[in-house]
Amino acid sequence: MWLLILVKDIFGMLSYLGFAIANLSDLAGPFILAHETKRMRSLRPDAPIFKGFSGDYIVLTIFSNAVRLLYILCYVFPSSEIEKQYARRYFSHPVIDKLGILQLLPYVLCNLGGAILLLMQSPQASLSKLKSKLSIIAKVSISFTILMWCVVYYLSSHVKVESSTGMGFWGLYLIDSIDLLKGIADVFDLARLFPQLITNWEECSTVSWSIRYVYLLCASSFSRLFAIIAGLLSGNVNVIRPPGLLLYALLMTLLSTLFLFQHHVIYRKDNERIWLGIYKRIGDEDDESNSNELNEFIRRRLNALDINTTNNDNNRSTRTDVISVSV
């Protein structure tokens, strides 16, 4: 018996650790993406703004976290009617867990901050480009989810079946429309990544899409999936509540795996050629303002792509870096 309890405790700690890693990766990811995008802009100043970058990511990130922020505010500052409906709906836990809901706030602020940093790199050009790059997936996701929420809100608040309990049409309560906000935010989080797969395919490269951010996505999705499995093995069924959490983790794991497959398998050679062109352009410039840090960054990226580097003293005494690609 004691061995079984020990095993459950170990799985419980592993579940907690998995969720902690997933949360930290989610918090760091937006800022890593903004930093990498800014660095790419400095390397390719002649490229159009958000070249190779899906505009859906920024737009849906702002929408999803605005919706998630509304969800937080509704439960952290609830009306008396919402508190009564919550106690009636979730009678086993009748008190709103405001502290647990507030744990979503750092995620919201970090994602909104990362999106704002992306836009602030070139505000006017960014906004005009986003209008033209917003895909059908984003437009349909936004339109359909907003329409669905309006229908649920109307049926739950304006079509009363039992006025004494506040129950609306089809047994819906006002808090059901609030809970739906969390689901809509998760849908936007997934929908913002699908168009980037298409953009990578159209550009035949993943250079403009930060691979470090993809690594953080993988760490977050795999850690969350591992945490759910470990939590279930420890006997904690609450790890899959709400039920959409498991589906969200599975889809995010699939998306991050597809990004890695694109970067390391499908477009690996295309990425090498693009980085080689960037390096040669910088190496041929007469402007000495290109810093050693920038050149060292390029060298590390080229080495990561398994491109052999050699030195040649014939061209320039101050710039002796020339790249030779092994065929």
# chains A, B, ... in the order shown; residues from 1 in each chain; ligands from 1
$ residues_around --residues "range 5-7 of chain A" --least-positions-apart "5" --cutoff "10 Å" --atoms "only C-alpha atoms" --output "ChimeraX atom specification"
/A:12-13,233-234
$ write_last_selection --atoms "C-alpha atoms" --output "CSV table (one decimal), in the first residue's frame"
chain,number,residue,atom,x,y,z
A,12,GLY,CA,1.8,14.1,-8.7
A,13,MET,CA,5.1,15.9,-8.4
A,233,LEU,CA,-1.6,8.3,-13.2
A,234,SER,CA,-1.5,9.9,-9.8
$ residues_around --residues "range 185-197 of chain A" --least-positions-apart "5" --cutoff "8 Å" --atoms "only C-alpha atoms" --output "list in words"
Phe53, Ser54, Asp56, Tyr57, Ile58, Val59, Leu60, Thr61, Phe63, Ser64, Asn65, Val67, Arg68, Ser135, Ile137, Ala138, Ser141, Ile142, Tyr248, Leu251, Met252, Leu255, Leu258 and Phe259 of chain A
$ write_last_selection --atoms "C-alpha atoms" --output "mmCIF file, in the first residue's frame"
data_model
loop_
_atom_site.group_PDB
_atom_site.id
_atom_site.type_symbol
_atom_site.label_atom_id
_atom_site.label_comp_id
_atom_site.auth_asym_id
_atom_site.auth_seq_id
_atom_site.Cartn_x
_atom_site.Cartn_y
_atom_site.Cartn_z
ATOM 1 C CA PHE A 53 5.601 35.912 -40.991
ATOM 2 C CA SER A 54 1.891 35.156 -40.773
ATOM 3 C CA ASP A 56 -2.666 35.906 -38.082
ATOM 4 C CA TYR A 57 -0.320 35.314 -35.167
ATOM 5 C CA ILE A 58 -0.393 38.936 -34.008
ATOM 6 C CA VAL A 59 -4.083 39.582 -34.690
ATOM 7 C CA LEU A 60 -5.344 36.371 -33.087
ATOM 8 C CA THR A 61 -2.924 36.735 -30.175
ATOM 9 C CA PHE A 63 -7.987 38.806 -29.792
ATOM 10 C CA SER A 64 -7.416 35.638 -27.746
ATOM 11 C CA ASN A 65 -5.816 37.392 -24.810
ATOM 12 C CA VAL A 67 -11.073 37.585 -24.574
ATOM 13 C CA ARG A 68 -9.131 35.748 -21.863
ATOM 14 C CA SER A 135 -6.007 34.978 -43.791
ATOM 15 C CA ILE A 137 -8.675 31.156 -41.222
ATOM 16 C CA ALA A 138 -8.400 34.205 -38.989
ATOM 17 C CA SER A 141 -12.361 32.036 -36.605
ATOM 18 C CA ILE A 142 -13.066 35.537 -35.366
ATOM 19 C CA TYR A 248 -5.595 21.688 -26.632
ATOM 20 C CA LEU A 251 -3.197 19.862 -31.004
ATOM 21 C CA MET A 252 -0.422 22.158 -29.743
ATOM 22 C CA LEU A 255 1.565 21.891 -34.415
ATOM 23 C CA LEU A 258 5.071 20.055 -37.660
ATOM 24 C CA PHE A 259 7.072 23.283 -37.226
#
$ residues_around --residues "Gly29 in chain A" --least-positions-apart "5" --cutoff "9 Å" --atoms "only C-alpha atoms" --output "ChimeraX atom specification"
/A:24,34,110-111,114,212-217
$ write_last_selection --atoms "C-alpha atoms" --output "PDB file, in the first residue's frame"
ATOM      1  CA  LEU A  24       7.383  29.197 -17.940  1.00  0.00           C
ATOM      2  CA  ALA A  34       9.701  39.511 -30.635  1.00  0.00           C
ATOM      3  CA  CYS A 110       3.139  38.357 -21.613  1.00  0.00           C
ATOM      4  CA  ASN A 111       1.327  37.491 -24.840  1.00  0.00           C
ATOM      5  CA  GLY A 114       4.969  40.278 -27.042  1.00  0.00           C
ATOM      6  CA  ARG A 212      13.741  29.307 -30.576  1.00  0.00           C
ATOM      7  CA  TYR A 213      10.089  30.175 -30.171  1.00  0.00           C
ATOM      8  CA  VAL A 214       9.201  26.837 -31.766  1.00  0.00           C
ATOM      9  CA  TYR A 215      11.440  25.072 -29.262  1.00  0.00           C
ATOM     10  CA  LEU A 216       9.559  26.819 -26.448  1.00  0.00           C
ATOM     11  CA  LEU A 217       6.255  25.777 -28.016  1.00  0.00           C
TER      12      LEU A 217
END
$ atom_distance --atom1 "CA of Phe261 in chain A" --atom2 "CA of Trp201 in chain A"
11.9 Å
$ residues_around --residues "Tyr107 in chain A" --least-positions-apart "2" --cutoff "9 Å" --atoms "only C-alpha atoms" --output "ChimeraX atom specification"
/A:23,26-27,65,103-105,109-112
$ write_last_selection --atoms "C-alpha atoms" --output "mmCIF file, in the first residue's frame"
data_model
loop_
_atom_site.group_PDB
_atom_site.id
_atom_site.type_symbol
_atom_site.label_atom_id
_atom_site.label_comp_id
_atom_site.auth_asym_id
_atom_site.auth_seq_id
_atom_site.Cartn_x
_atom_site.Cartn_y
_atom_site.Cartn_z
ATOM 1 C CA ASN A 23 3.819 27.828 -17.939
ATOM 2 C CA ASP A 26 4.461 30.103 -22.390
ATOM 3 C CA LEU A 27 5.613 33.226 -20.554
ATOM 4 C CA ASN A 65 -5.816 37.392 -24.810
ATOM 5 C CA GLN A 103 -2.956 32.566 -12.533
ATOM 6 C CA LEU A 104 -3.944 33.168 -16.169
ATOM 7 C CA LEU A 105 -3.099 36.866 -15.883
ATOM 8 C CA LEU A 109 0.095 40.082 -20.104
ATOM 9 C CA CYS A 110 3.139 38.357 -21.613
ATOM 10 C CA ASN A 111 1.327 37.491 -24.840
ATOM 11 C CA LEU A 112 -0.120 40.969 -25.204
#
